[in-house]
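target01.csv follows (CSV, C-alpha atoms):
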chain,number,residue,atom,x,y,z
A,1034,MET,CA,40.9,-12.0,-62.1
A,1035,LYS,CA,41.7,-10.6,-65.6
A,1036,VAL,CA,42.6,-7.0,-65.9
A,1037,GLY,CA,39.4,-5.0,-66.6
A,1038,GLN,CA,37.2,-7.9,-65.6
A,1039,LYS,CA,34.2,-6.8,-63.7
A,1040,PRO,CA,33.0,-8.5,-60.5
A,1041,GLN,CA,30.2,-11.0,-60.9
A,1042,LYS,CA,27.0,-9.7,-59.4
A,1043,TYR,CA,24.6,-12.3,-57.8
A,1044,GLY,CA,21.2,-11.7,-56.3
A,1045,PHE,CA,19.6,-14.0,-53.8
A,1046,LEU,CA,15.8,-14.1,-53.8
A,1047,LEU,CA,14.8,-15.1,-50.2
A,1048,LEU,CA,11.4,-16.8,-50.2
A,1049,PRO,CA,9.6,-17.1,-46.9
A,1050,GLU,CA,10.8,-20.1,-44.9
A,1051,PHE,CA,14.1,-20.3,-46.9
A,1052,SER,CA,16.9,-22.5,-45.6
A,1053,MET,CA,19.3,-20.4,-43.7
A,1054,LEU,CA,22.0,-23.0,-43.9
A,1055,ALA,CA,21.8,-23.3,-47.7
A,1056,PHE,CA,21.7,-19.5,-48.1
A,1057,SER,CA,24.7,-19.0,-45.8
A,1058,SER,CA,26.7,-21.7,-47.5
A,1059,ALA,CA,26.3,-19.8,-50.8
A,1060,ILE,CA,27.1,-16.3,-49.7
A,1061,GLU,CA,29.9,-17.2,-47.3
A,1062,THR,CA,31.7,-19.0,-50.2
A,1063,LEU,CA,31.5,-15.9,-52.4
A,1064,TYR,CA,32.7,-13.7,-49.5
A,1065,MET,CA,35.6,-16.0,-48.9
A,1066,ALA,CA,36.5,-15.9,-52.6
A,1067,ASN,CA,37.0,-12.1,-52.3
A,1068,TRP,CA,38.9,-12.5,-49.0
A,1069,VAL,CA,41.3,-15.2,-50.2
A,1070,SER,CA,42.0,-13.6,-53.5
A,1071,GLY,CA,42.3,-10.1,-52.2
A,1072,LYS,CA,40.1,-8.9,-55.0
A,1073,GLU,CA,36.4,-8.1,-55.4
A,1074,LEU,CA,35.5,-11.1,-57.6
A,1075,TYR,CA,31.9,-11.2,-56.5
A,1076,ARG,CA,29.2,-8.8,-55.3
A,1077,PHE,CA,26.0,-10.1,-53.9
A,1078,CYS,CA,22.7,-8.7,-52.6
A,1079,THR,CA,19.5,-10.1,-51.0
A,1080,ILE,CA,16.1,-9.6,-52.5
A,1081,GLY,CA,12.7,-10.0,-50.9
A,1082,LYS,CA,9.5,-11.0,-52.7
A,1083,ASN,CA,7.0,-8.4,-51.4
A,1084,THR,CA,8.6,-7.4,-48.1
A,1085,LYS,CA,12.2,-6.9,-47.0
A,1086,ASP,CA,11.6,-8.7,-43.7
A,1087,VAL,CA,12.0,-12.4,-44.5
A,1088,LEU,CA,11.9,-15.2,-42.0
A,1089,SER,CA,13.9,-18.3,-42.5
A,1090,ASN,CA,12.6,-21.8,-41.7
A,1091,SER,CA,14.4,-21.6,-38.3
A,1092,GLY,CA,12.6,-18.3,-37.5
A,1093,THR,CA,15.7,-16.1,-38.1
A,1094,LEU,CA,14.7,-12.7,-39.5
A,1095,SER,CA,16.7,-11.4,-42.5
A,1096,VAL,CA,16.3,-7.9,-43.9
A,1097,ALA,CA,16.7,-8.0,-47.6
A,1098,GLN,CA,18.4,-5.1,-49.3
A,1099,TYR,CA,15.9,-4.9,-52.2
A,1100,LEU,CA,12.4,-5.8,-53.2
A,1101,ALA,CA,12.1,-7.8,-56.4
A,1102,ASN,CA,10.8,-4.9,-58.5
A,1103,ASP,CA,13.6,-2.6,-57.2
A,1104,ALA,CA,16.5,-5.1,-57.6
A,1105,PRO,CA,19.6,-4.0,-59.5
A,1106,ASN,CA,19.2,-4.3,-63.3
A,1107,ASP,CA,22.8,-5.4,-63.8
A,1108,LEU,CA,22.8,-8.8,-62.0
A,1109,ASP,CA,24.6,-11.6,-63.7
A,1110,ALA,CA,22.6,-14.3,-61.8
A,1111,VAL,CA,19.7,-14.7,-59.5
A,1112,PHE,CA,19.4,-17.6,-57.1
A,1113,VAL,CA,16.1,-18.5,-55.7
A,1114,CYS,CA,16.5,-19.6,-52.0
A,1115,GLY,CA,13.4,-21.9,-51.7
A,1116,SER,CA,11.2,-22.6,-48.7
A,1117,SER,CA,11.8,-25.7,-46.7
A,1118,PRO,CA,9.7,-27.7,-47.2
A,1119,VAL,CA,8.7,-26.6,-50.7
A,1120,THR,CA,5.6,-24.4,-51.0
A,1121,GLN,CA,3.0,-25.8,-53.5
A,1122,SER,CA,0.9,-22.6,-53.8
A,1123,ASP,CA,1.1,-20.6,-57.1
A,1124,ASP,CA,3.3,-17.5,-57.2
A,1125,PRO,CA,2.6,-15.8,-60.5
A,1126,THR,CA,4.2,-12.6,-59.5
A,1127,MET,CA,7.6,-14.2,-58.8
A,1128,GLU,CA,7.3,-16.5,-61.9
A,1129,SER,CA,6.8,-13.4,-64.1
A,1130,TRP,CA,9.7,-11.6,-62.5
A,1131,LEU,CA,12.0,-14.6,-63.0
A,1132,LYS,CA,10.9,-14.8,-66.6
A,1133,ARG,CA,11.8,-11.1,-67.1
A,1134,MET,CA,15.2,-11.8,-65.5
A,1135,SER,CA,15.8,-14.7,-67.9
A,1136,SER,CA,14.8,-12.6,-70.9
A,1137,LYS,CA,17.5,-10.1,-70.0
A,1138,GLY,CA,20.1,-12.8,-70.1
A,1139,VAL,CA,20.4,-13.2,-66.3
A,1140,SER,CA,21.4,-16.7,-65.3
A,1141,LEU,CA,19.0,-18.4,-62.9
A,1142,GLY,CA,19.7,-20.7,-60.0
A,1143,GLY,CA,17.8,-22.7,-57.4
A,1144,ILE,CA,19.0,-23.4,-53.9
A,1145,CYS,CA,17.4,-26.1,-51.8
A,1146,THR,CA,13.8,-26.1,-53.1
A,1147,GLY,CA,14.2,-23.0,-55.3
A,1148,SER,CA,14.3,-25.2,-58.3
A,1149,HIS,CA,10.6,-25.8,-57.8
A,1150,LEU,CA,9.6,-22.2,-58.5
A,1151,LEU,CA,11.9,-22.1,-61.6
A,1152,ALA,CA,10.4,-25.3,-62.9
A,1153,LYS,CA,6.9,-24.0,-62.3
A,1154,ALA,CA,7.7,-20.9,-64.4
A,1155,GLY,CA,8.9,-23.2,-67.2
A,1156,LEU,CA,12.5,-21.9,-66.8
A,1157,LEU,CA,13.9,-25.4,-66.3
A,1158,ASP,CA,12.3,-27.0,-69.4
A,1159,GLY,CA,15.0,-28.9,-71.2
A,1160,TYR,CA,17.6,-28.3,-68.5
A,1161,ARG,CA,19.3,-30.7,-66.1
A,1162,ALA,CA,18.4,-29.7,-62.6
A,1163,THR,CA,18.2,-31.0,-59.1
A,1164,ILE,CA,16.4,-30.2,-55.8
A,1165,HIS,CA,16.6,-31.5,-52.2
A,1166,TRP,CA,16.2,-35.3,-52.2
A,1167,TRP,CA,12.9,-34.9,-50.2
A,1168,SER,CA,11.3,-33.3,-53.3
A,1169,ILE,CA,13.0,-35.1,-56.2
A,1170,SER,CA,10.1,-37.4,-57.0
A,1171,ASN,CA,7.6,-34.6,-56.9
A,1172,LEU,CA,9.7,-32.4,-59.3
A,1173,ARG,CA,10.0,-35.3,-61.7
A,1174,ASP,CA,6.2,-36.0,-61.6
A,1175,ASP,CA,5.1,-32.4,-61.8
A,1176,PHE,CA,7.5,-31.1,-64.4
A,1177,PRO,CA,8.3,-33.8,-67.0
A,1178,LYS,CA,10.1,-31.3,-69.3
A,1179,THR,CA,12.8,-30.9,-66.6
A,1180,ILE,CA,15.6,-33.4,-66.6
A,1181,VAL,CA,15.7,-34.1,-62.9
A,1182,SER,CA,18.8,-35.7,-61.3
A,1183,ASN,CA,19.6,-36.8,-57.7
A,1184,HIS,CA,23.0,-35.2,-57.9
A,1185,LEU,CA,24.4,-32.8,-55.3
A,1186,PHE,CA,24.1,-29.9,-57.8
A,1187,GLU,CA,23.7,-29.3,-61.5
A,1188,VAL,CA,25.2,-26.6,-63.7
A,1189,ASP,CA,23.6,-26.7,-67.2
A,1190,ARG,CA,24.4,-23.7,-69.3
A,1191,ASP,CA,22.8,-20.7,-67.5
A,1192,ARG,CA,20.9,-22.7,-64.9
A,1193,TYR,CA,22.5,-23.6,-61.6
A,1194,THR,CA,20.6,-25.7,-59.1
A,1195,CYS,CA,21.6,-27.5,-55.9
A,1196,SER,CA,20.0,-29.7,-53.3
A,1197,GLY,CA,20.5,-27.3,-50.4
A,1198,GLY,CA,22.4,-27.4,-47.2
A,1199,THR,CA,26.2,-27.4,-47.7
A,1200,ALA,CA,25.6,-28.4,-51.3
A,1201,ALA,CA,25.2,-24.7,-52.0
A,1202,MET,CA,28.9,-24.3,-51.0
A,1203,ASP,CA,30.0,-27.1,-53.4
A,1204,MET,CA,28.1,-25.5,-56.3
A,1205,MET,CA,29.6,-22.1,-55.6
A,1206,LEU,CA,33.1,-23.6,-55.4
A,1207,PHE,CA,32.5,-25.2,-58.8
A,1208,LEU,CA,31.4,-21.9,-60.3
A,1209,ILE,CA,34.4,-20.1,-58.7
A,1210,GLY,CA,36.7,-22.8,-59.9
A,1211,LYS,CA,35.3,-22.6,-63.4
A,1212,GLU,CA,35.7,-18.8,-63.5
A,1213,HIS,CA,38.9,-18.3,-61.5
A,1214,GLY,CA,40.6,-21.6,-61.2
A,1215,MET,CA,40.5,-24.6,-58.9
A,1216,GLU,CA,43.5,-23.3,-56.9
A,1217,LEU,CA,41.3,-20.6,-55.5
A,1218,ALA,CA,38.4,-22.9,-54.9
A,1219,SER,CA,40.7,-25.3,-53.0
A,1220,SER,CA,42.0,-22.5,-50.9
A,1221,ILE,CA,38.4,-21.5,-50.0
A,1222,SER,CA,37.6,-25.1,-49.1
A,1223,GLU,CA,40.6,-25.1,-46.8
A,1224,GLN,CA,39.5,-21.9,-45.1
A,1225,PHE,CA,36.1,-23.7,-44.3
A,1226,VAL,CA,38.0,-26.7,-42.9
A,1227,CYS,CA,36.3,-28.8,-45.7
A,1228,GLU,CA,38.6,-31.7,-46.5
A,1229,ARG,CA,37.4,-32.0,-50.1
A,1230,ILE,CA,35.3,-30.3,-52.7
A,1231,ARG,CA,32.4,-32.6,-53.7
A,1232,THR,CA,31.5,-32.8,-57.4
A,1233,HIS,CA,28.1,-32.5,-59.0
A,1234,GLU,CA,27.9,-36.3,-59.3
A,1235,ASP,CA,28.2,-36.9,-55.6
A,1236,PRO,CA,25.0,-38.3,-54.2
A,1237,GLN,CA,22.8,-36.1,-51.9
A,1238,ARG,CA,22.1,-38.7,-49.3
A,1239,ILE,CA,24.7,-40.5,-47.2
A,1240,PRO,CA,25.2,-44.2,-48.1
A,1241,LEU,CA,22.5,-46.4,-46.6
A,1242,GLN,CA,25.1,-48.3,-44.6
A,1243,ALA,CA,26.1,-45.2,-42.8
A,1244,ARG,CA,22.5,-43.9,-42.5
A,1245,ILE,CA,21.3,-47.0,-40.6
A,1246,GLY,CA,24.5,-47.3,-38.7
A,1247,THR,CA,25.5,-50.8,-39.4
A,1248,GLY,CA,28.1,-52.8,-41.2
A,1249,GLN,CA,25.8,-55.8,-41.8
A,1250,PRO,CA,25.5,-56.2,-45.6
A,1251,LYS,CA,22.4,-58.5,-45.4
A,1252,LEU,CA,20.6,-55.8,-43.3
A,1253,VAL,CA,21.5,-53.1,-45.8
A,1254,GLU,CA,20.2,-55.3,-48.6
A,1255,ALA,CA,16.9,-55.8,-46.7
A,1256,VAL,CA,16.4,-52.1,-46.2
A,1257,GLN,CA,17.2,-51.4,-49.9
A,1258,LEU,CA,14.5,-53.9,-50.8
A,1259,MET,CA,12.0,-52.2,-48.5
A,1260,GLU,CA,12.8,-48.7,-50.0
A,1261,ALA,CA,12.4,-50.1,-53.5
A,1262,ASN,CA,9.0,-51.7,-52.8
A,1263,ILE,CA,6.7,-49.2,-51.2
A,1264,ARG,CA,3.7,-49.5,-53.4
A,1265,GLU,CA,3.6,-53.3,-53.2
A,1266,PRO,CA,5.2,-54.2,-49.8
A,1267,LEU,CA,7.0,-57.5,-49.5
A,1268,SER,CA,6.5,-59.9,-46.6
A,1269,SER,CA,9.3,-60.6,-44.2
A,1270,ASP,CA,9.6,-64.1,-45.6
A,1271,ASP,CA,10.0,-62.6,-49.1
A,1272,ILE,CA,12.7,-60.2,-48.0
A,1273,ALA,CA,14.5,-62.9,-46.1
A,1274,TYR,CA,14.4,-65.1,-49.2
A,1275,HIS,CA,15.8,-62.4,-51.5
A,1276,VAL,CA,18.7,-61.5,-49.2
A,1277,GLY,CA,19.5,-65.2,-48.6
A,1278,VAL,CA,18.8,-65.6,-44.9
A,1279,SER,CA,16.1,-67.2,-42.8
A,1280,ARG,CA,13.3,-65.1,-41.4
A,1281,ARG,CA,14.5,-65.6,-37.9
A,1282,HIS,CA,18.0,-64.5,-38.8
A,1283,LEU,CA,16.6,-61.4,-40.5
A,1284,GLU,CA,14.6,-60.5,-37.4
A,1285,ARG,CA,17.7,-61.0,-35.3
A,1286,LEU,CA,19.7,-58.6,-37.5
A,1287,PHE,CA,17.0,-55.9,-37.2
A,1288,LYS,CA,16.7,-56.3,-33.5
A,1289,GLN,CA,20.4,-56.2,-32.8
A,1290,SER,CA,21.2,-53.3,-35.1
A,1291,LEU,CA,18.0,-51.2,-35.2
A,1292,ASP,CA,16.2,-52.4,-32.1
A,1293,THR,CA,13.0,-53.1,-34.0
A,1294,VAL,CA,11.4,-55.9,-36.1
A,1295,PRO,CA,11.5,-55.8,-39.9
A,1296,SER,CA,7.7,-55.3,-40.3
A,1297,ARG,CA,7.8,-52.2,-38.0
A,1298,TYR,CA,10.8,-50.7,-39.8
A,1299,TYR,CA,9.2,-51.3,-43.2
A,1300,LEU,CA,6.0,-49.6,-42.0
A,1301,GLY,CA,8.0,-46.6,-40.9
A,1302,ILE,CA,9.5,-46.3,-44.4
A,1303,ARG,CA,6.1,-46.4,-46.1
A,1304,LEU,CA,4.5,-44.0,-43.7
A,1305,LYS,CA,7.3,-41.5,-43.9
A,1306,HIS,CA,7.0,-41.6,-47.7
A,1307,ALA,CA,3.2,-41.0,-47.3
A,1308,ARG,CA,3.9,-38.0,-45.1
A,1309,GLN,CA,6.2,-36.6,-47.8
A,1310,LEU,CA,3.4,-37.0,-50.4
A,1311,ILE,CA,0.8,-35.5,-48.1
A,1312,THR,CA,2.8,-32.4,-47.3
A,1313,GLN,CA,4.3,-31.8,-50.7
A,1314,THR,CA,1.7,-32.8,-53.3
A,1315,ASP,CA,-2.0,-32.3,-53.8
A,1316,ARG,CA,-2.7,-36.0,-54.5
A,1317,SER,CA,-5.8,-37.4,-52.8
A,1318,ILE,CA,-5.4,-39.2,-49.4
A,1319,LEU,CA,-6.7,-42.4,-51.1
A,1320,GLU,CA,-4.2,-42.2,-53.9
A,1321,ILE,CA,-1.4,-41.6,-51.4
A,1322,GLY,CA,-2.5,-44.6,-49.3
A,1323,GLN,CA,-2.5,-46.8,-52.4
A,1324,GLU,CA,0.9,-45.5,-53.4
A,1325,CYS,CA,2.3,-46.5,-50.1
A,1326,GLY,CA,0.8,-50.0,-50.0
A,1327,PHE,CA,-2.4,-49.6,-48.1
A,1328,THR,CA,-5.5,-51.2,-49.7
A,1329,SER,CA,-8.1,-49.1,-47.9
A,1330,ALA,CA,-8.4,-45.5,-46.8
A,1331,PRO,CA,-9.6,-46.4,-43.2
A,1332,HIS,CA,-6.6,-48.7,-42.7
A,1333,PHE,CA,-4.2,-46.1,-44.0
A,1334,SER,CA,-5.7,-43.4,-41.8
A,1335,THR,CA,-5.7,-45.5,-38.6
A,1336,THR,CA,-2.1,-46.7,-39.2
A,1337,TYR,CA,-0.9,-43.2,-40.0
A,1338,LYS,CA,-2.4,-41.8,-36.8
A,1339,GLY,CA,-0.9,-44.6,-34.7
A,1340,PHE,CA,2.5,-43.6,-36.1
A,1341,PHE,CA,2.3,-39.8,-36.2
A,1342,ASP,CA,-0.5,-39.0,-33.7
A,1343,VAL,CA,-2.5,-37.2,-36.5
A,1344,THR,CA,-4.6,-38.6,-39.4
A,1345,PRO,CA,-3.5,-37.8,-43.0
A,1346,ARG,CA,-6.3,-35.3,-43.3
A,1347,GLU,CA,-5.4,-33.6,-40.1
A,1348,GLU,CA,-1.8,-33.4,-41.3
A,1349,ARG,CA,-2.8,-31.8,-44.5
A,1350,LYS,CA,-5.2,-29.4,-42.8
A,1351,LEU,CA,-2.5,-28.3,-40.3
A,1352,LEU,CA,-0.2,-27.6,-43.2
A,1353,SER,CA,-2.8,-25.6,-45.1
A,1354,GLU,CA,-3.6,-23.5,-42.1
A,1355,THR,CA,0.1,-22.9,-41.5
A,1356,ILE,CA,0.6,-21.7,-45.1
A,1357,LYS,CA,-2.4,-19.4,-44.9
A,1358,SER,CA,-1.2,-17.9,-41.7
A,1359,GLY,CA,2.2,-17.3,-43.1
A,1360,GLU,CA,3.8,-18.7,-39.9
A,1361,PRO,CA,5.9,-21.8,-39.6
A,1362,VAL,CA,4.5,-24.7,-37.6
A,1363,ASP,CA,6.5,-24.2,-34.5
A,1364,ARG,CA,6.3,-20.4,-34.4
A,1365,LYS,CA,4.1,-20.3,-31.4
A,1366,LYS,CA,6.5,-22.5,-29.5
A,1367,ARG,CA,9.4,-20.0,-30.3
A,1368,GLN,CA,7.2,-17.1,-29.2
A,1369,LEU,CA,6.3,-18.8,-26.0
A,1370,TRP,CA,10.0,-19.5,-25.3
A,1371,LYS,CA,10.8,-15.8,-25.8
A,1372,LYS,CA,8.0,-14.8,-23.4
A,1373,ASN,CA,9.3,-17.2,-20.7
A,1374,THR,CA,12.9,-16.2,-21.1
A,1375,VAL,CA,14.2,-14.1,-18.2
A,1376,VAL,CA,17.0,-11.6,-18.9
A,1377,LEU,CA,19.6,-11.7,-16.1
For the structure just supplied, provide its representation as structure tokens.
Amino acid sequence: MKVGQKPQKYGFLLLPEFSMLAFSSAIETLYMANWVSGKELYRFCTIGKNTKDVLSNSGTLSVAQYLANDAPNDLDAVFVCGSSPVTQSDDPTMESWLKRMSSKGVSLGGICTGSHLLAKAGLLDGYRATIHWWSISNLRDDFPKTIVSNHLFEVDRDRYTCSGGTAAMDMMLFLIGKEHGMELASSISEQFVCERIRTHEDPQRIPLQARIGTGQPKLVEAVQLMEANIREPLSSDDIAYHVGVSRRHLERLFKQSLDTVPSRYYLGIRLKHARQLITQTDRSILEIGQECGFTSAPHFSTTYKGFFDVTPREERKLLSETIKSGEPVDRKKRQLWKKNTVVL
């Protein structure tokens, strides 16, 4: 730290249902920068939207130090810790507040799905940005002026965005290394028992081969074909032809490695994509069904219910009721657990 250099001051805006892991990964990295260096390189505070009591997506209660309108006026950056999953409802008050921060020269960041609120406010127009992989396609579709990547994090001028989870630590290590040198960043990484610092170009998702737990290259090719052809599904014969095996051999690979048949695995990929669109977009059920390769709404609804035990409309209604109530889906279960817990 240069003589006379002031600590960087970061504010973390905690939206309801924010990811505790992503938030903790960010602030713990800043804390460790101070601890390892023996200097106050960073100061940070937490900010609530309209209440200081903010629940994370796991139900952990955090008490913010400030409300947005009372936040310190000398912040160098504000990071939006987004809800998980992303909230689609409008938030004009927060959008206006973030615009005011930007007009004052405050850098802005998005952690996990925080990028969505920044993009909605027009604050990512012309910037490279990223978001959790679950929401990447939606961010691209809804905000064409934002240059959306699938990288672990993006630092573009005064905009810092990351995909969430431990990627928040990688982004902070990058910013620390840029400001104070990679030797300090490496020392912090060692303190966290993290064997390497990932770069912004690292992919968000683990390689498909590791994800499906197999070393069979033909099986990996088959799954890649399935994931690339959701709107117009391929037949098992087509997939077998493209990967260069017989249909019987393809079925044997799926049974041995994934304990299922190709058609069932493929259906799961399509329906999970449909669920993502139902919970994170306002597209019609019919449009989503067509996007996922179903030719009729009744067929889509019946198949969806057989897989998830709820119809697409019931899924969306449940989500809408949850958002209106302000409680996460499993809140009642957690409260019931508390009631039944006996203190010994």
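Going from atom CA of Ile1263 of chain A to atom CA of Tyr1337 of chain A covers 14.8 Å.
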Q | 10 Å contact set for segment 1054-1068 of chain A, all atoms listed in the file, chain neighbours under 3 positions out, as a ChimeraX atom specification | A | /A:1040-1041,1043-1047,1051,1071-1079,1089-1091,1112-1115,1144-1145,1195-1206,1208-1209,1213,1217-1218,1220-1222,1224-1225
(Q) I'd like the interatomic distance between atom CA of Lys1305 of chain A and atom CA of Leu1048 of chain A, to a tenth of an Å. (A) 25.8 Å
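Shortest separation to Arg1349 of chain A among A:Asp1189, A:Asp1315, A:Glu1320, A:Asp1175 occurs at residue A:Asp1315, atoms counted being all atoms listed in the file.
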Q) Can you tell me how far atom CA of Ser1334 of chain A sits from atom CA of Asn1171 of chain A, in Å to one decimal? A) 22.0 Å
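Each of A:Gly1277, A:Met1215, A:Thr1344, A:Asn1183 was compared to Asp1235 of chain A using only C-alpha atoms, and A:Asn1183 turns out to be the nearest.
For the residues A:Gly1301, A:Ile1164, A:Arg1280, A:Arg1231, ranking by smallest atom-to-atom distance to Met1259 of chain A using all atoms listed in the file places A:Gly1301 first.
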**Q.** Selection near Leu1131 of chain A, 10 Å with all atoms listed in the file, sequence-local residues under 3 positions removed, as a PyMOL selection string
**A.** chain A and resi 1046+1101+1111-1113+1125-1128+1134-1137+1139-1141+1150-1151+1154+1156
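Distances to Arg1303 of chain A were evaluated for A:Phe1287, A:Phe1333, A:Tyr1274, A:Tyr1193 using all atoms listed in the file, and the minimum falls at A:Phe1333.
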Q | Proximity to Gly1142 of chain A - best of A:Asp1191, A:Asp1174, A:Glu1260, A:Asp1123, all atoms listed in the file | A | A:Asp1191
Q: Kindly indicate which residue among A:Ser1353, A:Ser1269, A:Arg1264, A:Ser1296 lies nearest to Gly1322 of chain A, using all atoms listed in the file for the distances.
A: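 Nearest candidate to Gly1322 of chain A out of A:Ser1353, A:Ser1269, A:Arg1264, A:Ser1296: A:Arg1264.
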